[in-house]
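Note: the block below is work.cif and it holds mmCIF, C-alpha atoms.
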```cif
data_coords
loop_
_atom_site.label_atom_id
_atom_site.label_comp_id
_atom_site.auth_asym_id
_atom_site.auth_seq_id
_atom_site.Cartn_x
_atom_site.Cartn_y
_atom_site.Cartn_z
CA MET N 14 0.00 0.00 0.00
CA SER N 15 1.44 3.38 -0.97
CA GLY N 16 1.63 6.36 1.36
CA ARG N 17 2.71 4.41 4.43
CA GLN N 18 5.07 5.86 7.03
CA SER N 19 7.98 3.80 8.32
CA LEU N 20 8.56 4.02 12.07
CA PHE N 21 11.15 1.78 13.73
CA GLY N 22 11.03 -0.37 10.63
CA VAL N 23 7.25 -0.83 10.96
CA GLU N 24 5.02 0.38 8.12
CA LEU N 25 2.07 2.40 9.48
CA ASP N 26 -0.94 3.78 7.63
CA PRO N 27 -1.30 7.55 8.18
CA LEU N 28 -5.09 7.57 8.40
CA THR N 29 -7.59 9.57 10.43
CA MET N 30 -10.38 7.83 12.32
CA ASP N 31 -12.93 8.79 9.65
CA GLU N 32 -10.70 7.50 6.86
CA THR N 33 -10.16 4.22 8.72
CA VAL N 34 -13.88 3.70 9.27
CA GLY N 35 -14.47 4.39 5.58
CA ARG N 36 -11.89 1.77 4.57
CA CYS N 37 -13.45 -0.79 6.91
CA LEU N 38 -16.99 -0.31 5.66
CA ALA N 39 -15.86 -0.39 2.03
CA ALA N 40 -14.12 -3.74 2.60
CA VAL N 41 -17.27 -5.26 4.10
CA ARG N 42 -19.51 -3.94 1.33
CA GLU N 43 -17.13 -5.09 -1.41
CA GLY N 44 -16.55 -8.54 0.12
CA ARG N 45 -12.81 -7.98 0.67
CA GLN N 46 -11.09 -9.04 3.84
CA LEU N 47 -9.38 -6.31 5.84
CA GLU N 48 -7.24 -7.20 8.84
CA ILE N 49 -6.44 -4.33 11.17
CA GLY N 50 -3.36 -4.11 13.34
CA VAL N 51 -2.84 -1.41 15.97
CA VAL N 52 0.41 -0.47 17.70
CA ASN N 53 1.22 1.47 20.83
CA ALA N 54 4.55 2.09 22.53
CA ALA N 55 4.56 -1.24 24.38
CA LYS N 56 3.73 -3.26 21.30
CA LEU N 57 6.45 -1.58 19.21
CA VAL N 58 8.95 -2.50 21.94
CA ASN N 59 7.67 -6.08 22.13
CA MET N 60 7.76 -6.45 18.33
CA ARG N 61 11.54 -6.07 18.51
CA ARG N 62 11.69 -8.99 20.93
CA ASP N 63 9.00 -11.21 19.44
CA LYS N 64 9.45 -12.15 15.79
CA ARG N 65 6.02 -13.85 15.53
CA LEU N 66 4.30 -10.71 16.81
CA ALA N 67 6.26 -8.50 14.41
CA GLU N 68 5.41 -10.73 11.44
CA ALA N 69 1.74 -10.91 12.41
CA VAL N 70 1.42 -7.12 12.65
CA ALA N 71 3.33 -6.63 9.39
CA GLY N 72 0.89 -8.98 7.67
CA CYS N 73 -2.15 -6.81 8.53
CA ASP N 74 -3.79 -4.79 5.76
CA LEU N 75 -3.93 -1.65 7.91
CA VAL N 76 -1.51 -0.84 10.74
CA LEU N 77 -2.65 2.09 12.86
CA ALA N 78 -1.22 4.23 15.66
CA ASP N 79 -3.24 3.21 18.72
CA GLY N 80 -1.04 5.12 21.19
CA GLN N 81 -0.49 8.88 21.47
CA ALA N 82 3.20 8.23 22.09
CA VAL N 83 3.43 6.64 18.63
CA VAL N 84 1.98 9.79 17.05
CA TRP N 85 4.48 11.95 18.94
CA ALA N 86 7.38 9.69 17.93
CA GLY N 87 6.23 9.93 14.33
CA ARG N 88 6.48 13.72 14.47
CA ILE N 89 9.94 13.64 16.06
CA LEU N 90 11.22 11.06 13.56
CA ARG N 91 9.73 12.76 10.46
CA ALA N 92 7.13 10.04 9.87
CA PRO N 93 4.01 12.10 10.59
CA LEU N 94 0.72 10.41 11.44
CA PRO N 95 -2.42 12.58 11.35
CA GLU N 96 -3.90 11.40 14.65
CA ARG N 97 -4.24 8.56 17.08
CA VAL N 98 -6.75 5.90 16.02
CA ALA N 99 -7.48 4.23 19.34
CA GLY N 100 -8.62 0.63 19.05
CA ILE N 101 -11.59 1.05 21.41
CA ASP N 102 -12.81 4.21 19.64
CA LEU N 103 -12.61 2.46 16.28
CA PHE N 104 -14.43 -0.53 17.81
CA LEU N 105 -17.32 1.63 19.01
CA ARG N 106 -17.53 3.53 15.73
CA LEU N 107 -17.72 0.27 13.80
CA LEU N 108 -20.41 -1.15 16.08
CA ALA N 109 -22.53 1.95 15.43
CA GLU N 110 -21.92 1.72 11.66
CA ALA N 111 -22.67 -2.02 11.66
CA GLU N 112 -25.95 -1.40 13.48
CA SER N 113 -27.09 1.25 10.99
CA ALA N 114 -25.94 -0.75 7.94
CA GLY N 115 -27.30 -4.12 9.12
CA MET N 116 -23.85 -5.75 9.19
CA SER N 117 -23.38 -8.76 11.48
CA VAL N 118 -20.62 -9.02 14.09
CA TYR N 119 -18.87 -11.68 16.17
CA PHE N 120 -17.13 -11.14 19.51
CA LEU N 121 -14.21 -13.36 20.49
CA GLY N 122 -12.34 -12.86 23.74
CA ALA N 123 -12.33 -12.17 27.50
CA ARG N 124 -13.53 -14.40 30.31
CA GLN N 125 -17.05 -15.80 29.91
CA GLU N 126 -18.56 -13.64 32.65
CA VAL N 127 -16.91 -10.51 31.22
CA LEU N 128 -18.07 -11.39 27.72
CA GLU N 129 -21.66 -11.78 28.93
CA ARG N 130 -21.58 -8.44 30.73
CA MET N 131 -20.17 -6.78 27.62
CA LEU N 132 -22.87 -8.32 25.44
CA ASP N 133 -25.50 -6.85 27.78
CA GLN N 134 -23.91 -3.42 27.48
CA VAL N 135 -23.66 -3.70 23.69
CA ALA N 136 -27.33 -4.71 23.47
CA GLY N 137 -28.28 -1.62 25.43
CA ARG N 138 -26.13 0.79 23.42
CA PHE N 139 -26.72 -0.75 20.00
CA PRO N 140 -30.14 -2.43 20.19
CA GLY N 141 -30.36 -2.98 16.43
CA LEU N 142 -26.95 -4.61 16.11
CA LYS N 143 -26.92 -8.09 14.53
CA VAL N 144 -24.71 -10.28 16.73
CA ALA N 145 -23.90 -13.44 14.77
CA GLY N 146 -22.18 -15.08 17.73
CA SER N 147 -19.63 -14.84 20.52
CA ARG N 148 -17.08 -16.95 22.38
CA ASN N 149 -14.73 -16.36 25.30
CA GLY N 150 -11.03 -16.06 24.62
CA TYR N 151 -9.90 -19.03 26.67
CA PHE N 152 -8.95 -21.81 24.30
CA ASP N 153 -5.79 -23.76 23.51
CA ASP N 154 -3.78 -23.26 20.34
CA SER N 155 -5.02 -26.67 19.20
CA GLU N 156 -8.59 -25.29 19.19
CA GLN N 157 -7.88 -22.25 17.02
CA GLN N 158 -9.01 -23.86 13.78
CA ALA N 159 -12.29 -25.03 15.31
CA VAL N 160 -12.90 -21.53 16.70
CA ALA N 161 -12.27 -20.03 13.26
CA ASP N 162 -14.63 -22.52 11.64
CA ALA N 163 -17.39 -21.67 14.16
CA ILE N 164 -17.01 -17.98 13.28
CA ALA N 165 -17.22 -18.84 9.58
CA ARG N 166 -20.44 -20.80 10.16
CA SER N 167 -21.96 -17.80 11.95
CA GLY N 168 -21.67 -15.73 8.78
CA ALA N 169 -20.34 -12.73 10.71
CA GLN N 170 -19.10 -9.86 8.54
CA MET N 171 -17.05 -8.19 11.30
CA LEU N 172 -14.92 -10.02 13.86
CA PHE N 173 -13.69 -8.28 17.01
CA LEU N 174 -10.97 -9.96 19.07
CA GLY N 175 -10.90 -8.95 22.73
CA MET N 176 -7.65 -10.78 23.46
CA THR N 177 -4.18 -9.73 24.56
CA SER N 178 -1.07 -9.50 22.40
CA PRO N 179 0.45 -11.51 20.86
CA LYS N 180 -2.43 -14.03 20.94
CA LYS N 181 -4.85 -11.91 18.92
CA GLU N 182 -2.26 -11.00 16.27
CA ILE N 183 -1.12 -14.60 15.88
CA PHE N 184 -4.71 -15.85 15.64
CA THR N 185 -5.49 -13.22 13.01
CA ALA N 186 -2.41 -14.06 10.97
CA ALA N 187 -3.06 -17.80 11.05
CA TYR N 188 -6.86 -18.00 10.92
CA GLY N 189 -8.25 -14.56 10.06
CA GLU N 190 -8.99 -15.56 6.49
CA ARG N 191 -10.54 -18.86 7.58
CA THR N 192 -13.11 -17.04 9.75
CA GLY N 193 -14.71 -15.62 6.61
CA ALA N 194 -15.18 -12.25 8.34
CA ARG N 195 -14.64 -9.31 6.01
CA LEU N 196 -13.22 -7.17 8.81
CA VAL N 197 -10.96 -8.52 11.57
CA HIS N 198 -10.06 -6.06 14.33
CA GLY N 199 -8.12 -6.89 17.50
CA VAL N 200 -9.47 -4.63 20.24
CA GLY N 201 -7.40 -5.82 23.21
CA GLY N 202 -8.92 -4.89 26.56
CA SER N 203 -11.95 -3.12 25.07
CA PHE N 204 -14.30 -5.90 26.15
CA ASP N 205 -13.25 -5.33 29.78
CA ILE N 206 -13.88 -1.60 29.46
CA LEU N 207 -17.32 -2.02 27.91
CA ALA N 208 -18.20 -4.60 30.56
CA GLY N 209 -17.22 -2.15 33.29
CA VAL N 210 -14.43 -4.38 34.63
CA THR N 211 -11.79 -1.71 34.00
CA ARG N 212 -12.23 2.05 33.58
CA ARG N 213 -10.90 4.01 30.65
CA ALA N 214 -8.79 7.06 31.33
CA PRO N 215 -10.49 10.47 31.12
CA VAL N 216 -10.07 12.33 27.82
CA SER N 217 -7.51 14.71 29.35
CA TRP N 218 -5.27 11.76 30.31
CA GLN N 219 -5.65 10.35 26.80
CA ARG N 220 -4.71 13.69 25.24
CA TRP N 221 -1.54 13.88 27.33
CA GLY N 222 -0.57 10.35 26.38
CA VAL N 223 -0.72 8.94 29.92
CA GLU N 224 -3.63 6.55 29.48
CA TRP N 225 -1.15 3.79 30.36
CA LEU N 226 -0.60 5.39 33.78
CA TYR N 227 -4.32 5.49 34.53
CA ARG N 228 -4.51 1.81 33.59
CA ALA N 229 -1.47 0.95 35.72
CA LEU N 230 -2.96 2.73 38.74
CA GLN N 231 -5.94 0.36 38.56
CA GLU N 232 -3.70 -2.73 38.59
CA PRO N 233 -0.31 -1.57 39.92
CA ARG N 234 1.03 -5.01 40.82
CA ARG N 235 0.23 -6.55 37.43
CA LEU N 236 0.86 -3.59 35.13
CA GLY N 237 3.01 -1.02 36.91
CA ARG N 238 6.44 -2.54 36.30
CA ARG N 239 5.49 -3.70 32.79
CA TYR N 240 4.42 -0.24 31.63
CA LEU N 241 7.40 1.52 33.19
CA THR N 242 9.80 -0.93 31.55
CA THR N 243 8.26 -0.76 28.06
CA ASN N 244 7.82 3.03 28.18
CA ALA N 245 11.44 3.54 29.15
CA ALA N 246 12.49 1.21 26.32
CA PHE N 247 10.28 3.16 23.88
CA VAL N 248 11.82 6.50 24.86
CA LEU N 249 15.29 4.99 24.36
CA MET N 250 14.24 3.54 20.99
CA THR N 251 12.98 6.95 19.88
CA ALA N 252 16.14 8.74 21.04
CA ARG N 253 18.40 6.26 19.25
CA GLU N 254 16.36 6.53 16.05
CA PHE N 255 16.46 10.34 16.23
CA VAL N 256 20.26 10.24 16.52
CA ARG N 257 20.48 7.79 13.64
CA LEU N 258 18.33 9.98 11.40
CA THR N 259 20.05 13.26 12.33
CA PRO N 260 23.02 14.01 10.04
CA SER N 261 26.27 14.77 11.80
CA PRO N 262 27.81 18.25 11.31
CA ALA N 263 30.60 16.71 9.22
CA SER N 264 28.24 14.97 6.82
CA ALA N 265 26.06 18.07 6.62
CA ASN N 266 29.09 20.14 5.62
CA ARG N 267 30.11 17.64 2.98
CA SER N 268 26.67 17.81 1.40
CA ASN N 269 26.80 21.60 1.15
#
```

Translate the structure described by the file into C-alpha cells.
Amino acid sequence: MSGRQSLFGVELDPLTMDETVGRCLAAVREGRQLEIGVVNAAKLVNMRRDKRLAEAVAGCDLVLADGQAVVWAGRILRAPLPERVAGIDLFLRLLAEAESAGMSVYFLGARQEVLERMLDQVAGRFPGLKVAGSRNGYFDDSEQQAVADAIARSGAQMLFLGMTSPKKEIFTAAYGERTGARLVHGVGGSFDILAGVTRRAPVSWQRWGVEWLYRALQEPRRLGRRYLTTNAAFVLMTAREFVRLTPSPASANRSN
C-alpha cells in the first residue's frame, strides 16, 4: 500500500479515524477481507523482541497508531501520522456503523462472565446490532481452527478480538482468512472496558498520552512494572532513532 510511514522499521498507515472507518466499511460492502493491526509504545517495543508478533502485525492490511506516544514519535522522527486511532474508539464507531448498515458481528475474547456483561452493554447501546455469535477467549492453540470454523459458520461480517497480544495477532495471521469475516479487528482490553471491569482514562489523560498510567494505577502489581519498563524502552528507541536519522555536522558540511 502506498503512502505508508515507516517508524522503527514498521510500516504504518497515516489515516484519520474517519478514513479508517471508511476503509473498513468499504471492505465489508465489497466482500474484501481487511485485517487491522494497531500499535502502541509497548507493542512496538515487544515487536523487537517477538518475531512472531512483528510478522503478524506486518501482515495486517492496515496498521494504525493506537497510542499517542506513537503519534508523537512519528512527528519527532519525520514520519508524521495525522492522529491517534485508538482501538476502542474504532471498535465503538464500527459497532454503530454495523448497526445502521445491518452488518453482522462476532465477539471473540475475555472471560465468559466478562463477555456476557459486555454483550448486555452492547445490546443496550446498540439495540439494532446483529450479533452473529460470541465466544470467550480461553482456548488452547489446538482449538484455534475449530474456533475459526465456528465464526465462519456464523456468517459474521465483522470479527472483534478482545484478546491480549500476541495471541490476537497470531490468531489473526493464522486463521483470520478462515473465519470468513470481512473485517478482523483486535481490540485488546476493550471488552473489559465495555463490561465495566476496567475504567478508561479520562479524555484529558488520553490527550496527554498517559492513558497507560491510569490503567497501571488500577492494577499496579500486574501492570506497573510492565508499563514503566516498556515506556522507558520506547523513549530509548525513539532517542536512538532520532540520533540515527540526524546528520552529523561533518556529513552536513560535505553535502553543502

Quick one: contact table of stretch 194-225 of chain N to stretch 74-94 of chain N, 9 Å max, nearest atom pair and distance in Å to one decimal per residue, counting only C-alpha atoms, chain and number order, as CSV?
```
residue,atom,partner,partner_atom,distance
N:Gln219,CA,N:Gln81,CA,7.6
N:Arg220,CA,N:Gln81,CA,7.4
N:Trp221,CA,N:Gln81,CA,7.8
N:Gly222,CA,N:Gln81,CA,5.1
N:Val223,CA,N:Gln81,CA,8.5
N:Glu224,CA,N:Gly80,CA,8.8
```

Could you write those residues out with C-alpha atoms, as a CSV table (one decimal), keeping the file's coordinate frame?
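again.csv, freshly written:
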```
chain,number,residue,atom,x,y,z
N,219,GLN,CA,-5.6,10.4,26.8
N,220,ARG,CA,-4.7,13.7,25.2
N,221,TRP,CA,-1.5,13.9,27.3
N,222,GLY,CA,-0.6,10.4,26.4
N,223,VAL,CA,-0.7,8.9,29.9
N,224,GLU,CA,-3.6,6.6,29.5
```

Please indicate the distance in Å from atom CA of N:Arg106 to atom CA of N:Glu182, rounded to one decimal place.
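Atom-to-atom, atom CA of N:Arg106 and atom CA of N:Glu182 are spaced 21.1 Å apart.
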
Using the file's own x, y and z axes, so that the box edges lie along x, y and z, what centre and edge lengths in Å (one decimal) does a box around every listed atom of stretch 69-79 of chain N get when 6 Å is added on each side? Give it as AutoDock Vina command-line options.
```
--center_x -0.3 --center_y -3.3 --center_z 12.2 --size_x 19.3 --size_y 27.1 --size_z 25.0
```

Local residues around (3.8, -9.8, 19.1), at most 12 Å away, using all atoms listed in the file, as a short mmCIF file (atom, residue, chain, number, x, y, z; two decimals) with C-alpha atoms, keeping the file's coordinate frame:
```
data_model
loop_
_atom_site.label_atom_id
_atom_site.label_comp_id
_atom_site.auth_asym_id
_atom_site.auth_seq_id
_atom_site.Cartn_x
_atom_site.Cartn_y
_atom_site.Cartn_z
CA GLY N 50 -3.36 -4.11 13.34
CA VAL N 51 -2.84 -1.41 15.97
CA VAL N 52 0.41 -0.47 17.70
CA ASN N 53 1.22 1.47 20.83
CA ALA N 55 4.56 -1.24 24.38
CA LYS N 56 3.73 -3.26 21.30
CA LEU N 57 6.45 -1.58 19.21
CA VAL N 58 8.95 -2.50 21.94
CA ASN N 59 7.67 -6.08 22.13
CA MET N 60 7.76 -6.45 18.33
CA ARG N 61 11.54 -6.07 18.51
CA ARG N 62 11.69 -8.99 20.93
CA ASP N 63 9.00 -11.21 19.44
CA LYS N 64 9.45 -12.15 15.79
CA ARG N 65 6.02 -13.85 15.53
CA LEU N 66 4.30 -10.71 16.81
CA ALA N 67 6.26 -8.50 14.41
CA GLU N 68 5.41 -10.73 11.44
CA ALA N 69 1.74 -10.91 12.41
CA VAL N 70 1.42 -7.12 12.65
CA ALA N 71 3.33 -6.63 9.39
CA GLY N 72 0.89 -8.98 7.67
CA THR N 177 -4.18 -9.73 24.56
CA SER N 178 -1.07 -9.50 22.40
CA PRO N 179 0.45 -11.51 20.86
CA LYS N 180 -2.43 -14.03 20.94
CA LYS N 181 -4.85 -11.91 18.92
CA GLU N 182 -2.26 -11.00 16.27
CA ILE N 183 -1.12 -14.60 15.88
CA PHE N 184 -4.71 -15.85 15.64
CA THR N 185 -5.49 -13.22 13.01
CA ALA N 186 -2.41 -14.06 10.97
#
```

Run through the PyMOL selection byres ((chain N and resi 110-126) around 6) on the given coordinates and return the selected residues as a list of chain:residue names.
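So the PyMOL selection byres ((chain N and resi 110-126) around 6), applied here, picks out N:Leu107, N:Leu108, N:Ala109, N:Val127, N:Leu128, N:Glu129, N:Gly141, N:Leu142, N:Lys143, N:Val144, N:Ala145, N:Gly146, N:Ser147, N:Arg148, N:Asn149, N:Gly150, N:Ala169, N:Gln170, N:Met171, N:Leu172, N:Phe173, N:Leu174, N:Gly175, N:Met176.
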
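Of the residues listed (N:Met30, N:Ala187, N:Leu25, N:Ala54), N:Ala54 shows the shortest atom-to-atom separation from N:Thr242; distances use only C-alpha atoms.
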
Give me the result of the PyMOL selection byres ((chain N and resi 209) around 12) on this file, residue by residue, as a PyMOL selection string.
chain N and resi 126-135+202-208+210-213

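Distance check against N:Glu96 using all atoms listed in the file: of N:Gly201, N:Pro27, N:Pro215, N:Gly22, the minimum falls on N:Pro27.
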
Between atom CA of N:Tyr188 and atom CA of N:Gln157, measure the distance and give it in Å to one decimal.
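So the two atoms, atom CA of N:Tyr188 and atom CA of N:Gln157, lie 7.5 Å apart.
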
Could you jot down the atom CA of N:Ile49 to atom CA of N:Arg257 separation for me, Å, one decimal place?
29.6 Å

Counting only C-alpha atoms, give me one row per residue of stretch 177-250 of chain N with an atom at most 12 Å from an atom of stretch 18-21 of chain N, showing the shortest contact pair and its distance in Å to one decimal, sorted by chain then residue number, as a Markdown table.
```
| residue | atom | partner | partner_atom | distance |
| --- | --- | --- | --- | --- |
| N:Phe247 | CA | N:Phe21 | CA | 10.3 |
| N:Leu249 | CA | N:Phe21 | CA | 11.9 |
| N:Met250 | CA | N:Phe21 | CA | 8.1 |
```

Between N:Ala214, N:Phe152, N:Val41, N:Gln158, single out the one closest to N:Ala229, counting only C-alpha atoms.
N:Ala214
